[in-house]
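> This is run.txt, which holds compact mmCIF, C-alpha atoms:
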```txt
# COMPACT_ATOMS: atom_id res chain seq x y z
CA MET A 1 14.59 -16.41 -20.63
CA LYS A 2 11.23 -17.98 -21.41
CA SER A 3 8.58 -18.14 -18.71
CA GLU A 4 8.91 -21.94 -18.59
CA HIS A 5 12.59 -21.67 -17.67
CA LEU A 6 11.82 -19.05 -15.07
CA ILE A 7 9.12 -21.27 -13.59
CA ASP A 8 11.62 -24.17 -13.40
CA ARG A 9 14.04 -21.97 -11.49
CA LEU A 10 11.39 -20.59 -9.12
CA VAL A 11 10.03 -24.07 -8.41
CA GLU A 12 13.54 -25.29 -7.67
CA GLU A 13 14.08 -22.41 -5.21
CA HIS A 14 10.69 -22.91 -3.63
CA ASP A 15 10.33 -24.24 -0.14
CA ALA A 16 7.54 -24.26 2.41
CA THR A 17 6.70 -20.73 3.54
CA SER A 18 4.85 -19.53 6.55
CA PRO A 19 1.96 -17.48 5.16
CA MET A 20 1.32 -14.09 6.68
CA THR A 21 -2.07 -13.46 8.19
CA MET A 22 -3.49 -10.09 9.11
CA ALA A 23 -4.39 -11.39 12.54
CA GLN A 24 -0.71 -12.14 13.30
CA GLY A 25 0.30 -8.65 12.20
CA ARG A 26 -2.41 -7.01 14.27
CA LEU A 27 -1.56 -9.10 17.29
CA ALA A 28 2.15 -8.22 17.03
CA ALA A 29 1.40 -4.51 16.63
CA GLY A 30 -1.11 -4.65 19.50
CA VAL A 31 1.40 -6.31 21.82
CA ALA A 32 4.06 -3.75 20.86
CA ALA A 33 1.64 -0.88 21.49
CA LEU A 34 0.43 -2.24 24.80
CA GLY A 35 4.00 -2.94 25.93
CA SER A 36 5.05 0.61 25.04
CA VAL A 37 2.16 2.13 26.99
CA ILE A 38 2.93 -0.05 30.01
CA VAL A 39 6.62 0.91 29.96
CA ILE A 40 5.80 4.63 29.79
CA LEU A 41 3.31 4.34 32.65
CA TRP A 42 5.78 2.24 34.67
CA LEU A 43 8.44 4.92 34.16
CA SER A 44 6.38 7.96 35.04
CA GLY A 45 3.08 6.78 36.48
CA LEU A 46 -0.51 7.65 35.64
CA ARG A 47 -1.74 11.24 35.49
CA LEU A 48 -2.81 12.38 38.93
CA ASP A 49 -6.46 12.94 37.99
CA ILE A 50 -6.71 9.50 36.35
CA ALA A 51 -4.98 7.88 39.34
CA ALA A 52 -7.50 9.63 41.60
CA GLY A 53 -10.37 8.29 39.47
CA ARG A 54 -11.47 11.75 38.28
CA PRO A 55 -9.97 12.18 34.79
CA SER A 56 -10.70 15.44 33.00
CA PRO A 57 -13.04 15.16 30.00
CA LEU A 58 -10.39 16.64 27.69
CA VAL A 59 -7.92 13.94 28.69
CA LEU A 60 -10.50 11.21 28.12
CA LEU A 61 -11.46 12.69 24.77
CA SER A 62 -7.89 13.05 23.54
CA ALA A 63 -6.83 9.61 24.81
CA GLY A 64 -9.88 8.17 23.03
CA LEU A 65 -8.98 9.92 19.78
CA PHE A 66 -5.36 8.73 19.96
CA GLY A 67 -6.39 5.20 20.91
CA LEU A 68 -8.90 4.87 18.09
CA GLY A 69 -6.48 6.54 15.69
CA ALA A 70 -3.79 3.98 16.60
CA LEU A 71 -6.23 1.12 16.13
CA ALA A 72 -7.67 2.31 12.80
CA SER A 73 -4.33 3.19 11.21
CA GLY A 74 -2.61 0.05 12.54
CA TRP A 75 -5.47 -1.98 11.06
CA ALA A 76 -4.97 -0.26 7.70
CA ALA A 77 -1.16 -0.67 7.77
CA THR A 78 -1.36 -4.42 8.41
CA ARG A 79 -3.96 -4.72 5.66
CA LEU A 80 -1.64 -2.91 3.24
CA ALA A 81 1.12 -5.46 3.89
CA GLN A 82 -1.01 -7.94 1.96
CA PRO A 83 -2.19 -6.36 -1.28
CA ALA A 84 -5.53 -6.93 -2.96
CA VAL A 85 -7.46 -5.06 -5.57
CA GLY A 86 -10.60 -3.76 -3.92
CA GLY A 87 -9.01 -2.52 -0.70
CA SER A 88 -9.79 0.86 0.76
CA GLN A 89 -8.42 2.73 3.76
CA GLY A 90 -10.70 5.74 3.60
CA GLY A 91 -12.36 4.95 6.94
CA ALA A 92 -9.03 4.72 8.74
CA LEU A 93 -7.93 8.05 7.32
CA TRP A 94 -11.11 9.74 8.53
CA MET A 95 -10.66 8.20 11.96
CA VAL A 96 -7.07 9.41 12.29
CA GLY A 97 -8.13 12.73 10.81
CA ALA A 98 -10.36 13.22 13.84
CA ILE A 99 -7.16 13.75 15.86
CA GLY A 100 -6.83 16.95 13.83
CA LEU A 101 -9.77 18.32 15.81
CA LEU A 102 -7.44 18.99 18.73
CA PRO A 103 -5.09 21.40 16.94
CA ALA A 104 -8.03 22.86 15.00
CA ILE A 105 -9.92 23.76 18.18
CA SER A 106 -6.68 24.94 19.75
CA LEU A 107 -6.15 27.31 16.83
CA ILE A 108 -9.70 28.62 17.05
CA GLU A 109 -9.23 29.24 20.77
CA TYR A 110 -5.99 31.04 20.05
CA LEU A 111 -7.59 33.23 17.40
CA LEU A 112 -10.44 34.03 19.80
CA GLY A 113 -7.88 35.05 22.41
CA ASN A 114 -8.88 32.26 24.81
CA HIS A 115 -5.49 30.64 24.94
CA ALA A 116 -3.80 29.71 28.18
CA PRO A 117 0.00 30.00 28.44
CA THR A 118 1.82 26.77 27.73
CA SER A 119 5.33 25.60 28.57
CA THR A 120 7.63 24.79 25.66
CA GLY A 121 9.76 22.65 27.97
CA ALA A 122 6.76 20.54 28.96
CA ALA A 123 5.74 20.15 25.32
CA LEU A 124 9.26 19.02 24.37
CA ARG A 125 9.29 16.56 27.26
CA CYS A 126 6.00 15.01 26.09
CA LEU A 127 7.19 15.02 22.50
CA SER A 128 10.38 13.12 23.32
CA PHE A 129 8.56 10.66 25.62
CA GLY A 130 5.92 10.07 22.97
CA LEU A 131 8.42 9.55 20.18
CA GLY A 132 10.23 7.03 22.38
CA ALA A 133 6.93 5.25 23.06
CA SER A 134 6.22 5.09 19.32
CA ILE A 135 9.40 3.40 18.21
CA VAL A 136 8.60 -0.24 19.02
CA THR A 137 5.21 -0.14 17.29
CA PHE A 138 6.80 1.65 14.33
CA ALA A 139 9.47 -1.05 14.07
CA VAL A 140 6.96 -3.91 14.33
CA LEU A 141 4.73 -2.42 11.64
CA GLY A 142 7.74 -1.54 9.48
CA LEU A 143 9.08 -5.10 9.62
CA ARG A 144 5.63 -6.42 8.84
CA LEU A 145 5.38 -4.22 5.77
CA ARG A 146 8.90 -5.11 4.70
CA ARG A 147 8.09 -8.81 4.83
CA GLY A 148 4.77 -8.25 3.07
CA ALA A 149 4.11 -6.88 -0.39
CA PRO A 150 2.79 -3.34 -0.04
CA VAL A 151 1.83 -2.03 -3.46
CA LEU A 152 1.06 1.36 -1.92
CA PRO A 153 4.30 1.88 0.02
CA GLU A 154 3.76 5.59 0.71
CA ARG A 155 0.29 4.99 2.11
CA ALA A 156 1.43 1.94 4.09
CA GLY A 157 4.33 3.91 5.56
CA LEU A 158 2.01 6.79 6.39
CA PHE A 159 -0.44 4.54 8.24
CA ALA A 160 2.37 2.78 10.11
CA GLY A 161 3.66 6.19 11.22
CA LEU A 162 0.19 7.42 12.17
CA SER A 163 -0.45 4.29 14.19
CA ALA A 164 2.88 4.34 16.01
CA GLY A 165 2.59 8.07 16.65
CA SER A 166 -0.93 7.64 18.01
CA VAL A 167 0.33 4.93 20.37
CA GLY A 168 3.02 7.31 21.65
CA ALA A 169 0.52 10.16 22.03
CA PHE A 170 -1.92 7.84 23.83
CA ALA A 171 0.75 6.73 26.30
CA VAL A 172 1.87 10.30 27.00
CA THR A 173 -1.72 11.50 27.42
CA LEU A 174 -2.20 8.96 30.21
CA GLU A 175 0.90 10.08 32.12
CA CYS A 176 1.31 13.81 31.40
CA ASN A 177 -0.08 16.15 34.06
CA TYR A 178 -0.25 19.23 31.87
CA ASP A 179 -3.64 20.42 30.68
CA GLY A 180 -4.81 22.55 27.82
CA LEU A 181 -5.39 22.25 24.12
CA ALA A 182 -2.23 24.15 23.22
CA HIS A 183 -0.11 21.67 25.17
CA LEU A 184 -1.98 18.73 23.64
CA THR A 185 -1.28 20.12 20.20
CA LEU A 186 2.39 20.95 20.70
CA GLY A 187 3.34 18.03 22.89
CA HIS A 188 0.97 15.21 21.89
CA VAL A 189 -0.50 15.72 18.42
CA ALA A 190 3.01 16.66 17.25
CA ILE A 191 4.08 13.06 18.02
CA VAL A 192 1.49 11.75 15.55
CA ALA A 193 2.53 14.30 12.93
CA ALA A 194 6.26 13.56 13.33
CA MET A 195 5.79 9.81 13.10
CA ALA A 196 3.44 10.19 10.11
CA LEU A 197 6.20 12.09 8.29
CA ALA A 198 8.77 9.45 9.28
CA GLY A 199 6.48 6.74 7.92
CA ARG A 200 5.55 8.51 4.72
CA TYR A 201 9.04 9.68 3.77
CA GLY A 202 11.38 7.31 5.62
CA LEU A 203 9.71 3.94 6.07
CA ALA A 204 8.05 4.06 2.64
CA ARG A 205 11.46 3.91 0.94
CA TRP A 206 12.56 0.95 3.03
CA ILE A 207 9.46 -1.13 2.29
CA ARG A 208 9.39 -0.45 -1.45
CA TRP A 209 10.09 -3.60 -3.45
CA MET B 1 -5.97 -22.26 -19.66
CA ILE B 2 -6.95 -19.84 -16.91
CA LEU B 3 -7.62 -21.67 -13.67
CA ALA B 4 -10.61 -20.88 -11.50
CA GLU B 5 -10.20 -18.82 -8.35
CA GLU B 6 -10.79 -21.82 -6.09
CA ASP B 7 -8.17 -23.91 -7.91
CA MET B 8 -5.55 -21.18 -7.63
CA ARG B 9 -6.30 -20.68 -3.99
CA ARG B 10 -5.93 -24.39 -3.30
CA LEU B 11 -2.72 -24.64 -5.32
CA MET B 12 -1.19 -21.71 -3.45
CA ALA B 13 -2.15 -23.20 -0.10
CA MET B 14 -0.45 -26.47 -1.10
CA SER B 15 2.57 -24.53 -2.41
CA GLN B 16 2.99 -22.72 0.86
CA ARG B 17 3.18 -26.12 2.56
CA GLY B 18 6.13 -26.95 0.29
CA ASP B 19 4.41 -28.83 -2.57
CA LYS B 20 6.59 -28.09 -5.61
CA GLN B 21 4.19 -29.63 -8.14
CA ALA B 22 1.36 -27.47 -6.88
CA TYR B 23 3.65 -24.45 -7.05
CA ARG B 24 4.55 -25.24 -10.66
CA ALA B 25 0.85 -25.52 -11.52
CA ALA B 26 0.10 -22.26 -9.70
CA LEU B 27 2.88 -20.43 -11.53
CA SER B 28 1.72 -21.79 -14.89
CA GLY B 29 -1.84 -20.76 -14.11
CA ALA B 30 -0.65 -17.32 -13.07
CA THR B 31 1.39 -17.01 -16.28
CA HIS B 32 -1.67 -17.64 -18.47
CA TRP B 33 -3.75 -15.23 -16.46
CA LEU B 34 -1.07 -12.52 -16.53
CA ARG B 35 -0.66 -12.77 -20.31
CA ARG B 36 -4.33 -12.00 -20.71
CA PHE B 37 -4.18 -9.37 -18.01
CA PHE B 38 -1.40 -7.39 -19.68
CA ALA B 39 -2.75 -7.83 -23.20
CA ARG B 40 -3.14 -4.48 -24.97
CA ARG B 41 -1.89 -2.66 -21.90
CA ILE B 42 1.79 -2.83 -22.77
CA ALA B 43 3.56 -3.26 -26.11
CA ALA B 44 3.22 -6.89 -27.19
CA HIS B 45 6.96 -7.54 -27.20
CA MET B 46 7.17 -6.45 -23.56
CA ILE B 47 4.47 -8.74 -22.24
CA ASP B 48 6.88 -11.62 -21.63
CA ASP B 49 9.21 -9.43 -19.60
CA LEU B 50 6.38 -8.01 -17.56
CA VAL B 51 4.87 -11.44 -16.93
CA GLN B 52 8.25 -12.70 -15.76
CA GLU B 53 8.81 -9.72 -13.48
CA THR B 54 5.39 -10.27 -11.96
CA LEU B 55 6.10 -13.98 -11.48
CA ILE B 56 9.32 -13.08 -9.67
CA GLY B 57 7.31 -10.64 -7.53
CA LEU B 58 4.80 -13.39 -6.76
CA HIS B 59 7.67 -15.73 -5.83
CA VAL B 60 9.52 -13.27 -3.62
CA LYS B 61 6.35 -12.16 -1.85
CA ARG B 62 4.47 -15.48 -1.82
CA ALA B 63 4.36 -15.48 1.96
CA SER B 64 2.14 -12.39 1.80
CA TYR B 65 -0.65 -14.45 0.24
CA ASP B 66 -3.17 -15.72 2.74
CA ALA B 67 -4.95 -18.72 1.22
CA ARG B 68 -8.16 -17.85 3.08
CA ARG B 69 -8.45 -14.78 0.86
CA PRO B 70 -9.08 -14.57 -2.90
CA PHE B 71 -6.03 -15.20 -5.05
CA TYR B 72 -6.65 -13.14 -8.18
CA PRO B 73 -7.17 -9.77 -6.45
CA TRP B 74 -3.84 -10.39 -4.70
CA LEU B 75 -2.09 -11.26 -7.97
CA ALA B 76 -3.77 -8.35 -9.76
CA ALA B 77 -2.48 -5.87 -7.19
CA ILE B 78 1.08 -7.15 -7.71
CA ALA B 79 0.61 -7.14 -11.49
CA ARG B 80 -0.66 -3.56 -11.48
CA TYR B 81 2.25 -2.51 -9.29
CA ARG B 82 4.73 -4.04 -11.72
CA TRP B 83 2.86 -2.63 -14.74
CA ILE B 84 3.01 0.93 -13.43
CA ASP B 85 6.66 0.41 -12.57
CA GLN B 86 7.27 -0.68 -16.14
CA LEU B 87 5.37 2.29 -17.59
CA ARG B 88 7.50 4.61 -15.48
CA LYS B 89 10.70 3.07 -16.81
CA LEU B 90 9.63 3.36 -20.43
CA GLU B 91 10.56 6.25 -22.57
CA ARG B 92 9.61 5.75 -26.17
CA LEU B 93 8.83 2.32 -27.52
CA PRO B 94 9.05 1.34 -31.16
CA ASP B 95 5.68 1.44 -32.89
CA GLU B 96 4.04 -1.91 -33.07
CA ASP B 97 0.77 -3.67 -33.22
CA VAL B 98 -0.64 -3.66 -29.72
CA ASP B 99 -3.48 -5.88 -30.87
CA ALA B 100 -1.08 -8.72 -31.53
CA VAL B 101 -2.17 -10.36 -28.27
CA PRO B 102 -5.90 -10.97 -27.98
CA SER B 103 -7.79 -8.62 -25.74
CA VAL B 104 -9.56 -9.67 -22.59
CA PRO B 105 -13.06 -10.93 -23.36
CA SER B 106 -14.89 -9.40 -20.47
CA ASP B 107 -17.97 -11.62 -20.78
CA GLU B 108 -15.79 -14.74 -20.62
CA GLU B 109 -13.64 -13.79 -17.65
CA PRO B 110 -15.62 -11.56 -15.32
CA VAL B 111 -13.02 -11.68 -12.54
CA LEU B 112 -10.25 -10.73 -14.92
CA ALA B 113 -12.34 -7.93 -16.37
CA ARG B 114 -13.13 -6.57 -12.93
CA LEU B 115 -9.46 -6.41 -12.03
CA SER B 116 -8.28 -5.25 -15.45
CA LEU B 117 -5.92 -2.42 -16.15
CA ASP B 118 -8.63 -0.65 -18.19
CA ARG B 119 -10.58 -0.31 -14.96
CA LEU B 120 -7.60 1.50 -13.52
CA LEU B 121 -7.24 3.90 -16.44
CA ILE B 122 -10.86 5.06 -16.26
CA HIS B 123 -10.19 6.51 -12.80
CA ILE B 124 -7.73 9.11 -14.05
CA PRO B 125 -8.57 12.20 -16.14
CA GLU B 126 -9.03 11.46 -19.83
CA GLY B 127 -6.11 13.65 -20.94
CA GLN B 128 -3.74 11.76 -18.65
CA ALA B 129 -5.07 8.35 -19.70
CA GLN B 130 -4.72 9.31 -23.37
CA ALA B 131 -1.17 10.58 -22.91
CA ILE B 132 -0.12 7.40 -21.10
CA THR B 133 -1.88 5.08 -23.52
CA LEU B 134 -0.42 6.72 -26.60
CA THR B 135 3.17 7.07 -25.39
CA ARG B 136 3.80 4.34 -22.84
CA ILE B 137 1.46 1.64 -24.11
CA GLU B 138 1.23 2.21 -27.85
CA GLY B 139 4.80 3.50 -28.09
CA ARG B 140 4.11 6.75 -29.92
CA SER B 141 6.36 9.77 -29.59
CA ILE B 142 5.46 12.79 -27.49
CA ARG B 143 5.04 14.77 -30.72
CA GLU B 144 2.63 12.24 -32.19
CA ALA B 145 0.68 12.07 -28.94
CA ALA B 146 0.45 15.86 -28.90
CA ARG B 147 -0.86 15.88 -32.48
CA ILE B 148 -3.45 13.18 -31.81
CA THR B 149 -4.74 14.61 -28.54
CA GLY B 150 -4.45 18.29 -29.40
CA GLN B 151 -2.37 18.83 -26.26
CA SER B 152 0.94 20.70 -26.35
CA GLU B 153 4.06 18.52 -26.05
CA SER B 154 4.83 19.85 -22.59
CA LEU B 155 1.26 19.15 -21.49
CA VAL B 156 1.58 15.57 -22.73
CA LYS B 157 4.72 15.17 -20.59
CA VAL B 158 3.00 16.68 -17.57
CA ASN B 159 -0.03 14.44 -18.12
CA ILE B 160 2.15 11.32 -18.30
CA HIS B 161 3.91 12.25 -15.09
CA ARG B 162 0.72 13.13 -13.21
CA GLY B 163 -1.20 10.21 -14.64
CA LEU B 164 1.41 7.67 -13.58
CA LYS B 165 1.43 9.16 -10.10
CA ARG B 166 -2.34 8.86 -9.94
CA LEU B 167 -2.30 5.32 -11.26
CA ALA B 168 0.20 4.34 -8.58
CA ALA B 169 -2.16 5.68 -5.92
CA LEU B 170 -5.07 3.73 -7.42
CA VAL B 171 -3.31 0.39 -7.65
CA GLU B 172 -5.71 -1.35 -5.25
CA SER B 173 -8.89 0.32 -6.43
CA GLU B 174 -11.62 -1.56 -8.30
```
Could you write out this file's structure as structure tokens?

Amino acid sequence: MKSEHLIDRLVEEHDATSPMTMAQGRLAAGVAALGSVIVILWLSGLRLDIAAGRPSPLVLLSAGLFGLGALASGWAATRLAQPAVGGSQGGALWMVGAIGLLPAISLIEYLLGNHAPTSTGAALRCLSFGLGASIVTFAVLGLRLRRGAPVLPERAGLFAGLSAGSVGAFAVTLECNYDGLAHLTLGHVAIVAAMALAGRYGLARWIRW
Amino acid sequence: MILAEEDMRRLMAMSQRGDKQAYRAALSGATHWLRRFFARRIAAHMIDDLVQETLIGLHVKRASYDARRPFYPWLAAIARYRWIDQLRKLERLPDEDVDAVPSVPSDEEPVLARLSLDRLLIHIPEGQAQAITLTRIEGRSIREAARITGQSESLVKVNIHRGLKRLAALVESE
């Protein structure tokens, strides 16, 4: 078929379309993330030290890392739904990479023999809560990418997973009363890692076009 | 004739509002641009197919274009995506004159040159770029490519595989 015939067919099929904007995508993901955090806090309440107005520095630091990680990777994922030569997501990757500081310091502490005992049951509880809190954001970003035209589907899926996982970890960090780097690594950072894998290897296939 | 960035942007904005004439003009403009874009970067007899596949991609994903943003970088990203897809599908092509379609005059079309596929190939190691160019673009056999590059046949195959993977990761890079 010659291009002219193809153009005739495409023009015939064409109808008004509602163009995607990055702002819409970011707003939808933001609402999903905020809603998820509110639901988790409504279900299990704020951490006692936060509720008392005296949050521990480690909790503030980790919540900050997860929050910024969610923002940076969500920003990158919505950008990747609308392709353009000249795009770069290096900054977002560095930002999310900062979350890796938590398990890295935890490992150093462990190697130095400074580790405190941690409960596997508590870590699993946080992990399951966090994964649950990630799902809505993951779905919103996934649908956005599916509707869009990601030309880097693996990277887009990865960022969607990182963002959703960071939202889940952020929510759990605000409600979980356990302390310690080992618990943060096993129960909270693991949420980000699990969702990143789901995005990179699961979602990426679904959004390929 | 290749339309200016502003014209394409305006035509796409009108198309998204349902203007079929504007859409026809935008698709025609995109077709001319894509022919130049793919010139010398795929066997000449495959350019039509690749242009058509890219036009279908543009059509299916036209909602992902935001008319407040530049049009050609958006189209180039889709075109690169389809080009790499095509290179992956190719095994050996019949030998033919890849110069049959005129090359991109970089001084005449600076935007096109900036987004060109050559710019993509310079980001991967030379051995990989050579292996891909000789086998997937010029249509030479693995044996010929090995003779020309001095690489072993298995290294040529590895370089094609790795190079295509790298190209796919660079699809949005300038």
> Of the candidates A:Thr78, A:Ser166, A:Ser3, A:Ser88, which shows the shortest atom-to-atom distance to Leu27 of chain A, using all atoms listed in the file?
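Among the listed residues, the smallest separation from Leu27 of chain A belongs to A:Thr78.
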> Within 7 Å of chain B, which residues belong to chain A? Use only C-alpha atoms and report them as a PyMOL selection string.
chain A and resi 3+7+10-11+14-21+82-87+148-149+151-152
> May I have the residues within 8 Å of Ala182 of chain A as a list in words, using only C-alpha atoms and disregarding those fewer than 6 positions away in the same chain?
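Residues near the query, excluding close chain neighbours: Pro103, Ser106, His115, Ala116 and Thr118 of chain A.
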> Using Å and a single decimal, report how far atom CA of Ser36 of chain A sits from atom CA of Arg146 of chain A.
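Between atom CA of Arg146 of chain A and atom CA of Ser36 of chain A the gap works out to 21.5 Å.
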> Would you compute the distance between atom CA of Leu141 of chain A and atom CA of Leu124 of chain A? Give it in Å to one decimal.
25.3 Å
> Given 4 Å of margin on each side, can you work out the centre and size in Å (one decimal) of an axis-aligned box holding every listed atom of segment 144-162 of chain B, as JSON?

```
{"center_x": 0.0, "center_y": 16.0, "center_z": -22.8, "size_x": 17.6, "size_y": 17.4, "size_z": 27.3}
```
> Which polymer residues have any atom within 12 Å of an atom of Leu41 of chain A, counting only C-alpha atoms, with same-chain residues fewer than 3 positions away left out, as a compact mmCIF listing (two decimals) with C-alpha atoms, in the coordinates of the input?

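Written out: selection18.txt:
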```
# COMPACT_ATOMS: atom_id res chain seq x y z
CA LEU A 34 0.43 -2.24 24.80
CA GLY A 35 4.00 -2.94 25.93
CA SER A 36 5.05 0.61 25.04
CA VAL A 37 2.16 2.13 26.99
CA ILE A 38 2.93 -0.05 30.01
CA SER A 44 6.38 7.96 35.04
CA GLY A 45 3.08 6.78 36.48
CA LEU A 46 -0.51 7.65 35.64
CA ARG A 47 -1.74 11.24 35.49
CA LEU A 48 -2.81 12.38 38.93
CA ILE A 50 -6.71 9.50 36.35
CA ALA A 51 -4.98 7.88 39.34
CA PHE A 129 8.56 10.66 25.62
CA GLY A 130 5.92 10.07 22.97
CA ALA A 133 6.93 5.25 23.06
CA GLY A 168 3.02 7.31 21.65
CA PHE A 170 -1.92 7.84 23.83
CA ALA A 171 0.75 6.73 26.30
CA VAL A 172 1.87 10.30 27.00
CA THR A 173 -1.72 11.50 27.42
CA LEU A 174 -2.20 8.96 30.21
CA GLU A 175 0.90 10.08 32.12
CA CYS A 176 1.31 13.81 31.40
```
> Need to verify the contact set: Leu164 of chain B, 8 Å, only C-alpha atoms, exclusion of same-chain residues closer than 2 positions in sequence. Can you return it as JSON, numbers by chain?
{"B": [84, 87, 88, 132, 160, 161, 162, 166, 167, 168]}
> Can you pull out every residue within 8 Å of Ala122 of chain A, counting all atoms listed in the file, but drop anything in the same chain fewer than 2 positions away, and send it as a list in words?
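Final neighbour list, sorted by chain and number: Ser119, Thr120, Leu124, Arg125, Cys126, Tyr178, His183 and Gly187 of chain A.
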